[in-house]
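Have a look at data31.cif below; it lists mmCIF, C-alpha atoms.
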data_protein
loop_
_atom_site.label_atom_id
_atom_site.label_comp_id
_atom_site.auth_asym_id
_atom_site.auth_seq_id
_atom_site.Cartn_x
_atom_site.Cartn_y
_atom_site.Cartn_z
CA GLY A 1 -18.40 -37.01 -81.38
CA ALA A 2 -18.22 -33.76 -83.36
CA VAL A 3 -19.15 -31.42 -80.54
CA VAL A 4 -18.65 -27.67 -80.85
CA SER A 5 -18.92 -25.37 -77.86
CA GLN A 6 -19.26 -21.62 -77.61
CA HIS A 7 -18.52 -19.32 -74.74
CA PRO A 8 -20.20 -17.32 -73.44
CA SER A 9 -23.73 -18.40 -74.22
CA ARG A 10 -25.07 -14.96 -73.39
CA VAL A 11 -23.40 -11.62 -72.98
CA ILE A 12 -24.70 -8.16 -72.25
CA CYS A 13 -22.37 -5.24 -72.68
CA LYS A 14 -22.38 -1.49 -72.87
CA SER A 15 -22.11 0.32 -76.15
CA GLY A 16 -18.50 0.96 -77.11
CA THR A 17 -17.02 -2.06 -75.39
CA SER A 18 -15.48 -5.08 -77.10
CA VAL A 19 -16.74 -8.61 -76.69
CA LYS A 20 -14.90 -11.84 -77.42
CA ILE A 21 -16.73 -15.04 -78.30
CA GLU A 22 -14.92 -18.37 -78.30
CA CYS A 23 -15.71 -21.35 -80.49
CA ARG A 24 -14.11 -24.69 -79.69
CA SER A 25 -14.22 -28.07 -81.35
CA LEU A 26 -14.14 -30.45 -78.40
CA ASP A 27 -13.39 -33.84 -79.92
CA PHE A 28 -12.03 -33.15 -83.36
CA GLN A 29 -9.64 -30.86 -85.15
CA ALA A 30 -11.18 -28.16 -87.28
CA THR A 31 -9.06 -26.62 -89.98
CA THR A 32 -12.00 -24.47 -90.96
CA MET A 33 -14.49 -22.69 -88.74
CA PHE A 34 -17.33 -20.45 -89.75
CA TRP A 35 -19.06 -17.54 -88.05
CA TYR A 36 -22.72 -16.77 -88.67
CA ARG A 37 -25.01 -14.04 -87.46
CA GLN A 38 -28.72 -14.47 -86.99
CA PHE A 39 -31.03 -11.55 -86.30
CA PRO A 40 -34.39 -12.30 -84.62
CA LYS A 41 -36.69 -14.34 -86.80
CA GLN A 42 -34.22 -14.29 -89.64
CA SER A 43 -31.94 -16.79 -91.29
CA LEU A 44 -28.29 -17.47 -90.60
CA MET A 45 -25.96 -15.26 -92.59
CA LEU A 46 -22.35 -16.27 -93.02
CA MET A 47 -20.02 -13.56 -91.76
CA ALA A 48 -16.63 -15.12 -92.34
CA THR A 49 -14.69 -18.30 -92.89
CA SER A 50 -11.78 -18.88 -90.58
CA ASN A 51 -8.87 -21.12 -91.52
CA GLU A 52 -6.34 -22.19 -88.93
CA GLY A 53 -3.14 -20.22 -89.19
CA SER A 54 -4.32 -17.79 -91.84
CA LYS A 55 -6.46 -14.69 -92.18
CA ALA A 56 -10.20 -15.06 -92.19
CA THR A 57 -12.20 -14.55 -95.35
CA TYR A 58 -15.05 -12.14 -94.80
CA GLU A 59 -18.32 -12.04 -96.68
CA GLN A 60 -19.29 -8.96 -98.58
CA GLY A 61 -20.60 -6.26 -96.29
CA VAL A 62 -18.97 -7.58 -93.12
CA GLU A 63 -16.47 -5.17 -91.61
CA LYS A 64 -13.25 -7.02 -90.91
CA ASP A 65 -12.01 -4.32 -88.55
CA LYS A 66 -15.14 -4.56 -86.47
CA PHE A 67 -15.42 -8.33 -86.35
CA LEU A 68 -11.96 -9.64 -85.62
CA ILE A 69 -11.49 -13.35 -86.12
CA ASN A 70 -8.56 -15.36 -84.86
CA HIS A 71 -8.10 -19.08 -85.52
CA ALA A 72 -4.89 -19.77 -83.69
CA SER A 73 -5.28 -23.50 -83.21
CA LEU A 74 -7.11 -26.44 -84.73
CA THR A 75 -9.65 -26.39 -81.93
CA LEU A 76 -10.25 -22.72 -81.23
CA SER A 77 -11.52 -19.73 -83.14
CA THR A 78 -12.48 -16.42 -81.58
CA LEU A 79 -14.71 -13.62 -82.79
CA THR A 80 -14.20 -10.21 -81.22
CA VAL A 81 -16.87 -7.59 -81.78
CA THR A 82 -14.98 -4.34 -81.35
CA SER A 83 -16.68 -1.17 -80.14
CA ALA A 84 -20.03 -2.90 -80.08
CA HIS A 85 -23.19 -0.93 -80.73
CA PRO A 86 -26.85 -1.84 -80.24
CA GLU A 87 -27.19 -2.78 -83.90
CA ASP A 88 -24.60 -5.52 -83.30
CA SER A 89 -27.01 -7.24 -80.94
CA SER A 90 -27.64 -10.62 -82.48
CA PHE A 91 -27.24 -14.36 -82.13
CA TYR A 92 -23.76 -15.42 -83.21
CA ILE A 93 -23.24 -19.03 -84.20
CA CYS A 94 -20.02 -20.77 -85.08
CA SER A 95 -19.53 -24.02 -86.92
CA ALA A 96 -16.57 -26.22 -87.64
CA ARG A 97 -15.56 -28.74 -90.23
CA ASP A 98 -13.90 -31.94 -89.21
CA HIS A 99 -10.89 -32.18 -91.52
CA ARG A 100 -11.00 -35.98 -91.33
CA LEU A 101 -14.25 -35.83 -93.23
CA ALA A 102 -12.68 -34.30 -96.31
CA GLY A 103 -15.21 -33.89 -99.08
CA ILE A 104 -18.23 -34.45 -96.87
CA ASN A 105 -18.76 -30.72 -96.38
CA GLU A 106 -20.66 -31.16 -93.14
CA GLN A 107 -20.43 -28.41 -90.57
CA PHE A 108 -20.99 -28.98 -86.87
CA PHE A 109 -22.64 -26.06 -85.14
CA GLY A 110 -22.07 -24.56 -81.75
CA PRO A 111 -24.97 -23.64 -79.46
CA GLY A 112 -24.70 -19.94 -80.25
CA THR A 113 -23.96 -16.77 -78.29
CA ARG A 114 -26.64 -14.18 -77.74
CA LEU A 115 -25.10 -10.71 -77.66
CA THR A 116 -27.06 -7.76 -76.33
CA VAL A 117 -25.49 -4.34 -76.55
CA LEU A 118 -27.11 -1.69 -74.37
CA ALA B 1 -25.95 -17.80 -108.10
CA GLN B 2 -26.99 -20.18 -105.38
CA LYS B 3 -30.22 -19.67 -103.53
CA VAL B 4 -32.53 -21.55 -101.20
CA THR B 5 -36.20 -20.66 -100.94
CA GLN B 6 -38.49 -21.73 -98.15
CA ALA B 7 -41.74 -20.15 -99.14
CA GLN B 8 -43.60 -21.15 -95.99
CA THR B 9 -42.80 -18.66 -93.26
CA GLU B 10 -44.95 -20.22 -90.57
CA ILE B 11 -47.02 -23.37 -90.34
CA SER B 12 -49.36 -24.31 -87.52
CA VAL B 13 -50.72 -27.80 -87.08
CA VAL B 14 -52.40 -29.81 -84.40
CA GLU B 15 -50.61 -32.77 -82.91
CA LYS B 16 -50.69 -35.98 -84.96
CA GLU B 17 -51.16 -34.12 -88.21
CA ASP B 18 -48.65 -34.69 -90.99
CA VAL B 19 -46.82 -31.62 -92.22
CA THR B 20 -44.54 -30.99 -95.20
CA LEU B 21 -41.96 -28.24 -95.27
CA ASP B 22 -40.98 -27.10 -98.74
CA CYS B 23 -37.49 -26.26 -99.95
CA VAL B 24 -36.57 -25.15 -103.45
CA TYR B 25 -32.98 -24.46 -104.40
CA GLU B 26 -31.07 -22.90 -107.26
CA THR B 27 -27.59 -23.81 -108.35
CA ARG B 28 -25.70 -24.18 -111.60
CA ASP B 29 -23.50 -26.91 -110.22
CA THR B 30 -23.97 -30.60 -110.80
CA THR B 31 -22.37 -31.58 -107.51
CA TYR B 32 -23.79 -30.16 -104.32
CA TYR B 33 -25.17 -31.06 -100.91
CA LEU B 34 -28.50 -30.29 -99.36
CA PHE B 35 -29.19 -30.15 -95.65
CA TRP B 36 -32.04 -29.76 -93.22
CA TYR B 37 -31.51 -28.33 -89.74
CA LYS B 38 -33.87 -27.87 -86.82
CA GLN B 39 -33.53 -24.85 -84.55
CA PRO B 40 -35.57 -25.19 -81.35
CA PRO B 41 -36.22 -22.18 -79.11
CA SER B 42 -32.90 -22.76 -77.36
CA GLY B 43 -31.20 -21.65 -80.58
CA GLU B 44 -28.87 -24.55 -81.18
CA LEU B 45 -28.95 -25.94 -84.71
CA VAL B 46 -29.70 -29.64 -84.87
CA PHE B 47 -28.54 -31.50 -87.96
CA LEU B 48 -31.26 -33.63 -89.51
CA ILE B 49 -30.05 -34.84 -92.88
CA ARG B 50 -27.46 -34.38 -95.63
CA ARG B 51 -28.11 -35.43 -99.20
CA ASN B 52 -25.72 -35.23 -102.12
CA SER B 53 -26.89 -34.30 -105.58
CA PHE B 54 -26.31 -37.76 -107.01
CA ASP B 55 -28.50 -39.52 -104.51
CA GLU B 56 -32.14 -38.99 -105.29
CA GLN B 57 -33.42 -41.76 -103.11
CA ASN B 58 -36.00 -40.64 -100.64
CA GLU B 59 -35.10 -41.19 -97.03
CA ILE B 60 -37.14 -42.05 -93.99
CA SER B 61 -35.96 -41.76 -90.42
CA GLY B 62 -38.66 -42.51 -87.92
CA ARG B 63 -41.37 -39.87 -88.32
CA TYR B 64 -39.19 -37.84 -90.67
CA SER B 65 -38.96 -38.31 -94.41
CA TRP B 66 -37.35 -36.39 -97.21
CA ASN B 67 -38.28 -36.15 -100.87
CA PHE B 68 -35.48 -35.04 -103.19
CA GLN B 69 -36.58 -34.17 -106.71
CA LYS B 70 -33.78 -32.87 -108.94
CA SER B 71 -36.21 -32.26 -111.77
CA THR B 72 -37.97 -29.59 -109.73
CA SER B 73 -34.96 -28.61 -107.60
CA SER B 74 -36.83 -29.42 -104.45
CA PHE B 75 -35.89 -31.13 -101.22
CA ASN B 76 -39.04 -31.32 -99.13
CA PHE B 77 -39.27 -32.52 -95.55
CA THR B 78 -42.29 -34.30 -94.09
CA ILE B 79 -43.01 -34.92 -90.44
CA THR B 80 -45.56 -37.65 -89.88
CA ALA B 81 -47.79 -37.60 -86.82
CA SER B 82 -46.33 -34.33 -85.58
CA GLN B 83 -45.67 -33.78 -81.90
CA VAL B 84 -45.40 -30.65 -79.77
CA VAL B 85 -41.64 -31.25 -79.49
CA ASP B 86 -41.38 -30.78 -83.24
CA SER B 87 -42.14 -27.08 -82.77
CA ALA B 88 -39.07 -25.24 -84.03
CA VAL B 89 -37.70 -23.33 -86.97
CA TYR B 90 -36.51 -25.59 -89.76
CA PHE B 91 -33.82 -24.50 -92.19
CA CYS B 92 -32.96 -25.97 -95.54
CA ALA B 93 -29.41 -25.29 -96.74
CA LEU B 94 -27.31 -25.77 -99.87
CA ASN B 95 -23.58 -26.37 -100.11
CA GLN B 96 -21.60 -26.40 -103.32
CA TYR B 97 -19.18 -29.30 -103.40
CA ASN B 98 -15.92 -27.40 -103.85
CA THR B 99 -16.70 -24.58 -101.43
CA ASP B 100 -17.25 -24.48 -97.70
CA LYS B 101 -20.18 -22.12 -97.74
CA LEU B 102 -23.63 -23.08 -96.58
CA ILE B 103 -26.46 -21.08 -98.06
CA PHE B 104 -29.46 -21.14 -95.75
CA GLY B 105 -33.08 -20.62 -96.62
CA THR B 106 -35.12 -18.18 -94.58
CA GLY B 107 -36.55 -20.94 -92.45
CA THR B 108 -40.03 -22.22 -91.70
CA ARG B 109 -41.41 -21.81 -88.21
CA LEU B 110 -43.46 -24.86 -87.29
CA GLN B 111 -45.84 -24.71 -84.37
CA VAL B 112 -47.48 -27.93 -83.24
CA PHE B 113 -50.38 -27.44 -80.89
CA PRO B 114 -51.61 -30.11 -78.48
#

Render the structure in this file as structure tokens.
Amino acid sequence: GAVVSQHPSRVICKSGTSVKIECRSLDFQATTMFWYRQFPKQSLMLMATSNEGSKATYEQGVEKDKFLINHASLTLSTLTVTSAHPEDSSFYICSARDHRLAGINEQFFGPGTRLTVL
Amino acid sequence: AQKVTQAQTEISVVEKEDVTLDCVYETRDTTYYLFWYKQPPSGELVFLIRRNSFDEQNEISGRYSWNFQKSTSSFNFTITASQVVDSAVYFCALNQYNTDKLIFGTGTRLQVFP
């Protein structure tokens, strides 16, 4: 149980285009999903916390207009990188909390999406 | 402020050696969780262990063991008889009980040579 998928696993796009990344909890309902960014050989940095049915909470320094997050259902959150530029190239990882495990604070991670902006 | 420090950037060992990965954390809270994750070259994070702040018992799982010392704010991870498949980046992380945020350390890259 507790499987999280991401799609696509890899994406290459031209500068100026928008890219959408999907994060799905496959066998549980996730009231909260998280989006992280990881640059090469660096740690995971939390970008935003996404709660189903409400606006995402962004970390300091993350542009909400550039990284649009939608959490329309208990099993799906999307991250759209708008007008992507080469500096947005990174590994994007989502995670989800199983709301049945209230208080446990464990996050289940997706396999990640590698974005390359040319 | 919460912080996780993994002072070892890279460690190289030869197969069958034991290796310990250090993790030191900072938090003002009395209730928190500590985690270790493995990130192989494929990129996917693999959950290894969760420990809450009230449970200081050391844990052993096969070749893996963890030493939690609240007095020194450390949560070290030891791999016994390392194998090539253990090669990965290992992250220690801290989570405050009443928040959802995970604070990751900078990771330790472990290379196990045959």

Report as a tab-separated table: every residue of chain A with an atom at most 10 Å from chain B, its closest pair of atoms, and their distance in Å to one decimal, counting only C-alpha atoms, with rows sorted by chain and ascending residue number.
residue	atom	partner	partner_atom	distance
A:Thr32	CA	B:Asp100	CA	8.5
A:Met33	CA	B:Asp100	CA	9.5
A:Phe34	CA	B:Lys101	CA	8.6
A:Gln38	CA	B:Gly43	CA	9.9
A:Lys41	CA	B:Gly107	CA	8.7
A:Gln42	CA	B:Thr106	CA	6.4
A:Ser43	CA	B:Thr106	CA	4.8
A:Leu44	CA	B:Phe104	CA	6.4
A:Met45	CA	B:Phe104	CA	7.5
A:Leu46	CA	B:Leu102	CA	7.8
A:Ala48	CA	B:Lys101	CA	9.5
A:Thr49	CA	B:Asp100	CA	8.2
A:Phe91	CA	B:Gly43	CA	8.4
A:Ile93	CA	B:Glu44	CA	8.4
A:Ser95	CA	B:Leu45	CA	9.9
A:Arg97	CA	B:Asp100	CA	8.8
A:Gly103	CA	B:Tyr97	CA	7.4
A:Ile104	CA	B:Tyr97	CA	8.4
A:Asn105	CA	B:Asp100	CA	6.6
A:Glu106	CA	B:Arg50	CA	7.9
A:Gln107	CA	B:Leu102	CA	8.6
A:Phe108	CA	B:Phe47	CA	8.0
A:Phe109	CA	B:Leu45	CA	6.3
A:Gly110	CA	B:Glu44	CA	6.8
A:Pro111	CA	B:Glu44	CA	4.4
A:Gly112	CA	B:Glu44	CA	6.3
A:Thr113	CA	B:Gly43	CA	9.0
A:Arg114	CA	B:Gly43	CA	9.2

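Interatomic distance, CA of Phe77 in chain B against CA of Pro41 in chain B: 19.7 Å.
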
Could you write out as AutoDock Vina command-line options the box around range 69-87 of chain B (axis-aligned, all atoms listed in the file, 6 Å on each side), with centre and edge lengths in Å to one decimal?
--center_x -40.8 --center_y -32.4 --center_z -95.6 --size_x 26.0 --size_y 22.6 --size_z 44.3

Next on the checklist: Between CA of Lys3 in chain B and CA of Phe75 in chain B, what distance in Å does the model show, to one decimal?
Outcome noted: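 Interatomic distance here is 13.0 Å.
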
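Restricting the calculation to all atoms listed in the file, the smallest distance between Gly61 in chain A and any of A:Ser15, A:Ala2, A:Ser73, A:Met47 is found for A:Met47.
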
Quick one: range 26-37 of chain B with all heavy atoms, as a PDB file, keeping the file's coordinate frame?
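Printed below is selection09.pdb as written:
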ATOM      1  N   GLU B  26     -31.611 -23.264-105.953  1.00  0.00           N
ATOM      2  CA  GLU B  26     -31.070 -22.900-107.260  1.00  0.00           C
ATOM      3  C   GLU B  26     -29.566 -23.044-107.217  1.00  0.00           C
ATOM      4  O   GLU B  26     -28.902 -22.531-106.314  1.00  0.00           O
ATOM      5  CB  GLU B  26     -31.415 -21.443-107.609  1.00  0.00           C
ATOM      6  CG  GLU B  26     -32.879 -21.148-107.801  1.00  0.00           C
ATOM      7  CD  GLU B  26     -33.128 -19.659-108.056  1.00  0.00           C
ATOM      8  OE1 GLU B  26     -32.237 -18.998-108.633  1.00  0.00           O
ATOM      9  OE2 GLU B  26     -34.210 -19.180-107.660  1.00  0.00           O
ATOM     10  N   THR B  27     -29.035 -23.713-108.201  1.00  0.00           N
ATOM     11  CA  THR B  27     -27.590 -23.810-108.350  1.00  0.00           C
ATOM     12  C   THR B  27     -27.271 -24.227-109.772  1.00  0.00           C
ATOM     13  O   THR B  27     -28.055 -24.933-110.406  1.00  0.00           O
ATOM     14  CB  THR B  27     -26.988 -24.821-107.347  1.00  0.00           C
ATOM     15  OG1 THR B  27     -25.573 -24.874-107.535  1.00  0.00           O
ATOM     16  CG2 THR B  27     -27.553 -26.221-107.537  1.00  0.00           C
ATOM     17  N   ARG B  28     -26.121 -23.795-110.257  1.00  0.00           N
ATOM     18  CA  ARG B  28     -25.700 -24.180-111.600  1.00  0.00           C
ATOM     19  C   ARG B  28     -24.796 -25.402-111.550  1.00  0.00           C
ATOM     20  O   ARG B  28     -24.417 -25.943-112.592  1.00  0.00           O
ATOM     21  CB  ARG B  28     -24.951 -23.036-112.266  1.00  0.00           C
ATOM     22  CG  ARG B  28     -25.814 -21.823-112.545  1.00  0.00           C
ATOM     23  CD  ARG B  28     -25.009 -20.717-113.177  1.00  0.00           C
ATOM     24  NE  ARG B  28     -25.816 -19.512-113.368  1.00  0.00           N
ATOM     25  CZ  ARG B  28     -25.330 -18.345-113.752  1.00  0.00           C
ATOM     26  NH1 ARG B  28     -24.038 -18.214-113.979  1.00  0.00           N
ATOM     27  NH2 ARG B  28     -26.120 -17.306-113.902  1.00  0.00           N
ATOM     28  N   ASP B  29     -24.456 -25.815-110.361  1.00  0.00           N
ATOM     29  CA  ASP B  29     -23.500 -26.910-110.220  1.00  0.00           C
ATOM     30  C   ASP B  29     -24.179 -28.267-110.295  1.00  0.00           C
ATOM     31  O   ASP B  29     -25.350 -28.412-109.938  1.00  0.00           O
ATOM     32  CB  ASP B  29     -22.754 -26.775-108.907  1.00  0.00           C
ATOM     33  CG  ASP B  29     -21.993 -25.474-108.849  1.00  0.00           C
ATOM     34  OD1 ASP B  29     -21.056 -25.313-109.635  1.00  0.00           O
ATOM     35  OD2 ASP B  29     -22.362 -24.623-108.024  1.00  0.00           O
ATOM     36  N   THR B  30     -23.427 -29.244-110.731  1.00  0.00           N
ATOM     37  CA  THR B  30     -23.970 -30.600-110.800  1.00  0.00           C
ATOM     38  C   THR B  30     -23.699 -31.369-109.511  1.00  0.00           C
ATOM     39  O   THR B  30     -24.372 -32.343-109.219  1.00  0.00           O
ATOM     40  CB  THR B  30     -23.354 -31.362-111.987  1.00  0.00           C
ATOM     41  OG1 THR B  30     -21.929 -31.345-111.861  1.00  0.00           O
ATOM     42  CG2 THR B  30     -23.759 -30.718-113.308  1.00  0.00           C
ATOM     43  N   THR B  31     -22.708 -30.923-108.774  1.00  0.00           N
ATOM     44  CA  THR B  31     -22.370 -31.580-107.510  1.00  0.00           C
ATOM     45  C   THR B  31     -22.619 -30.611-106.365  1.00  0.00           C
ATOM     46  O   THR B  31     -22.045 -29.523-106.328  1.00  0.00           O
ATOM     47  CB  THR B  31     -20.905 -32.029-107.497  1.00  0.00           C
ATOM     48  OG1 THR B  31     -20.651 -32.871-108.616  1.00  0.00           O
ATOM     49  CG2 THR B  31     -20.607 -32.789-106.220  1.00  0.00           C
ATOM     50  N   TYR B  32     -23.466 -31.017-105.462  1.00  0.00           N
ATOM     51  CA  TYR B  32     -23.790 -30.160-104.320  1.00  0.00           C
ATOM     52  C   TYR B  32     -24.402 -31.011-103.224  1.00  0.00           C
ATOM     53  O   TYR B  32     -24.723 -32.186-103.432  1.00  0.00           O
ATOM     54  CB  TYR B  32     -24.752 -29.024-104.724  1.00  0.00           C
ATOM     55  CG  TYR B  32     -25.986 -29.477-105.484  1.00  0.00           C
ATOM     56  CD1 TYR B  32     -27.145 -29.857-104.800  1.00  0.00           C
ATOM     57  CD2 TYR B  32     -25.981 -29.543-106.874  1.00  0.00           C
ATOM     58  CE1 TYR B  32     -28.257 -30.286-105.489  1.00  0.00           C
ATOM     59  CE2 TYR B  32     -27.107 -29.978-107.568  1.00  0.00           C
ATOM     60  CZ  TYR B  32     -28.233 -30.338-106.881  1.00  0.00           C
ATOM     61  OH  TYR B  32     -29.350 -30.782-107.562  1.00  0.00           O
ATOM     62  N   TYR B  33     -24.538 -30.392-102.048  1.00  0.00           N
ATOM     63  CA  TYR B  33     -25.170 -31.060-100.910  1.00  0.00           C
ATOM     64  C   TYR B  33     -26.355 -30.237-100.437  1.00  0.00           C
ATOM     65  O   TYR B  33     -26.333 -29.011-100.484  1.00  0.00           O
ATOM     66  CB  TYR B  33     -24.178 -31.211 -99.748  1.00  0.00           C
ATOM     67  CG  TYR B  33     -23.073 -32.198 -99.999  1.00  0.00           C
ATOM     68  CD1 TYR B  33     -21.862 -31.794-100.551  1.00  0.00           C
ATOM     69  CD2 TYR B  33     -23.228 -33.543 -99.678  1.00  0.00           C
ATOM     70  CE1 TYR B  33     -20.843 -32.699-100.778  1.00  0.00           C
ATOM     71  CE2 TYR B  33     -22.210 -34.454 -99.895  1.00  0.00           C
ATOM     72  CZ  TYR B  33     -21.035 -34.021-100.448  1.00  0.00           C
ATOM     73  OH  TYR B  33     -20.020 -34.924-100.677  1.00  0.00           O
ATOM     74  N   LEU B  34     -27.335 -30.924 -99.960  1.00  0.00           N
ATOM     75  CA  LEU B  34     -28.500 -30.290 -99.360  1.00  0.00           C
ATOM     76  C   LEU B  34     -28.649 -30.757 -97.924  1.00  0.00           C
ATOM     77  O   LEU B  34     -28.373 -31.925 -97.614  1.00  0.00           O
ATOM     78  CB  LEU B  34     -29.770 -30.627-100.152  1.00  0.00           C
ATOM     79  CG  LEU B  34     -29.820 -30.079-101.583  1.00  0.00           C
ATOM     80  CD1 LEU B  34     -30.892 -30.784-102.383  1.00  0.00           C
ATOM     81  CD2 LEU B  34     -30.056 -28.578-101.560  1.00  0.00           C
ATOM     82  N   PHE B  35     -29.069 -29.852 -97.071  1.00  0.00           N
ATOM     83  CA  PHE B  35     -29.190 -30.150 -95.650  1.00  0.00           C
ATOM     84  C   PHE B  35     -30.538 -29.654 -95.123  1.00  0.00           C
ATOM     85  O   PHE B  35     -31.130 -28.715 -95.662  1.00  0.00           O
ATOM     86  CB  PHE B  35     -28.099 -29.423 -94.846  1.00  0.00           C
ATOM     87  CG  PHE B  35     -26.690 -29.796 -95.196  1.00  0.00           C
ATOM     88  CD1 PHE B  35     -26.074 -29.263 -96.317  1.00  0.00           C
ATOM     89  CD2 PHE B  35     -25.972 -30.659 -94.394  1.00  0.00           C
ATOM     90  CE1 PHE B  35     -24.770 -29.588 -96.640  1.00  0.00           C
ATOM     91  CE2 PHE B  35     -24.666 -31.000 -94.703  1.00  0.00           C
ATOM     92  CZ  PHE B  35     -24.065 -30.465 -95.821  1.00  0.00           C
ATOM     93  N   TRP B  36     -30.957 -30.294 -94.039  1.00  0.00           N
ATOM     94  CA  TRP B  36     -32.040 -29.760 -93.220  1.00  0.00           C
ATOM     95  C   TRP B  36     -31.529 -29.681 -91.783  1.00  0.00           C
ATOM     96  O   TRP B  36     -30.883 -30.620 -91.282  1.00  0.00           O
ATOM     97  CB  TRP B  36     -33.293 -30.648 -93.258  1.00  0.00           C
ATOM     98  CG  TRP B  36     -34.205 -30.354 -94.412  1.00  0.00           C
ATOM     99  CD1 TRP B  36     -34.252 -30.982 -95.619  1.00  0.00           C
ATOM    100  CD2 TRP B  36     -35.226 -29.350 -94.451  1.00  0.00           C
ATOM    101  NE1 TRP B  36     -35.223 -30.430 -96.410  1.00  0.00           N
ATOM    102  CE2 TRP B  36     -35.843 -29.434 -95.724  1.00  0.00           C
ATOM    103  CE3 TRP B  36     -35.684 -28.390 -93.546  1.00  0.00           C
ATOM    104  CZ2 TRP B  36     -36.899 -28.604 -96.105  1.00  0.00           C
ATOM    105  CZ3 TRP B  36     -36.732 -27.565 -93.927  1.00  0.00           C
ATOM    106  CH2 TRP B  36     -37.319 -27.668 -95.190  1.00  0.00           C
ATOM    107  N   TYR B  37     -31.849 -28.528 -91.140  1.00  0.00           N
ATOM    108  CA  TYR B  37     -31.510 -28.330 -89.740  1.00  0.00           C
ATOM    109  C   TYR B  37     -32.764 -27.914 -88.986  1.00  0.00           C
ATOM    110  O   TYR B  37     -33.640 -27.236 -89.524  1.00  0.00           O
ATOM    111  CB  TYR B  37     -30.464 -27.225 -89.576  1.00  0.00           C
ATOM    112  CG  TYR B  37     -29.089 -27.556 -90.090  1.00  0.00           C
ATOM    113  CD1 TYR B  37     -28.725 -27.258 -91.405  1.00  0.00           C
ATOM    114  CD2 TYR B  37     -28.144 -28.161 -89.266  1.00  0.00           C
ATOM    115  CE1 TYR B  37     -27.468 -27.556 -91.876  1.00  0.00           C
ATOM    116  CE2 TYR B  37     -26.880 -28.465 -89.739  1.00  0.00           C
ATOM    117  CZ  TYR B  37     -26.550 -28.161 -91.042  1.00  0.00           C
ATOM    118  OH  TYR B  37     -25.294 -28.456 -91.521  1.00  0.00           O
TER     119      TYR B  37
END
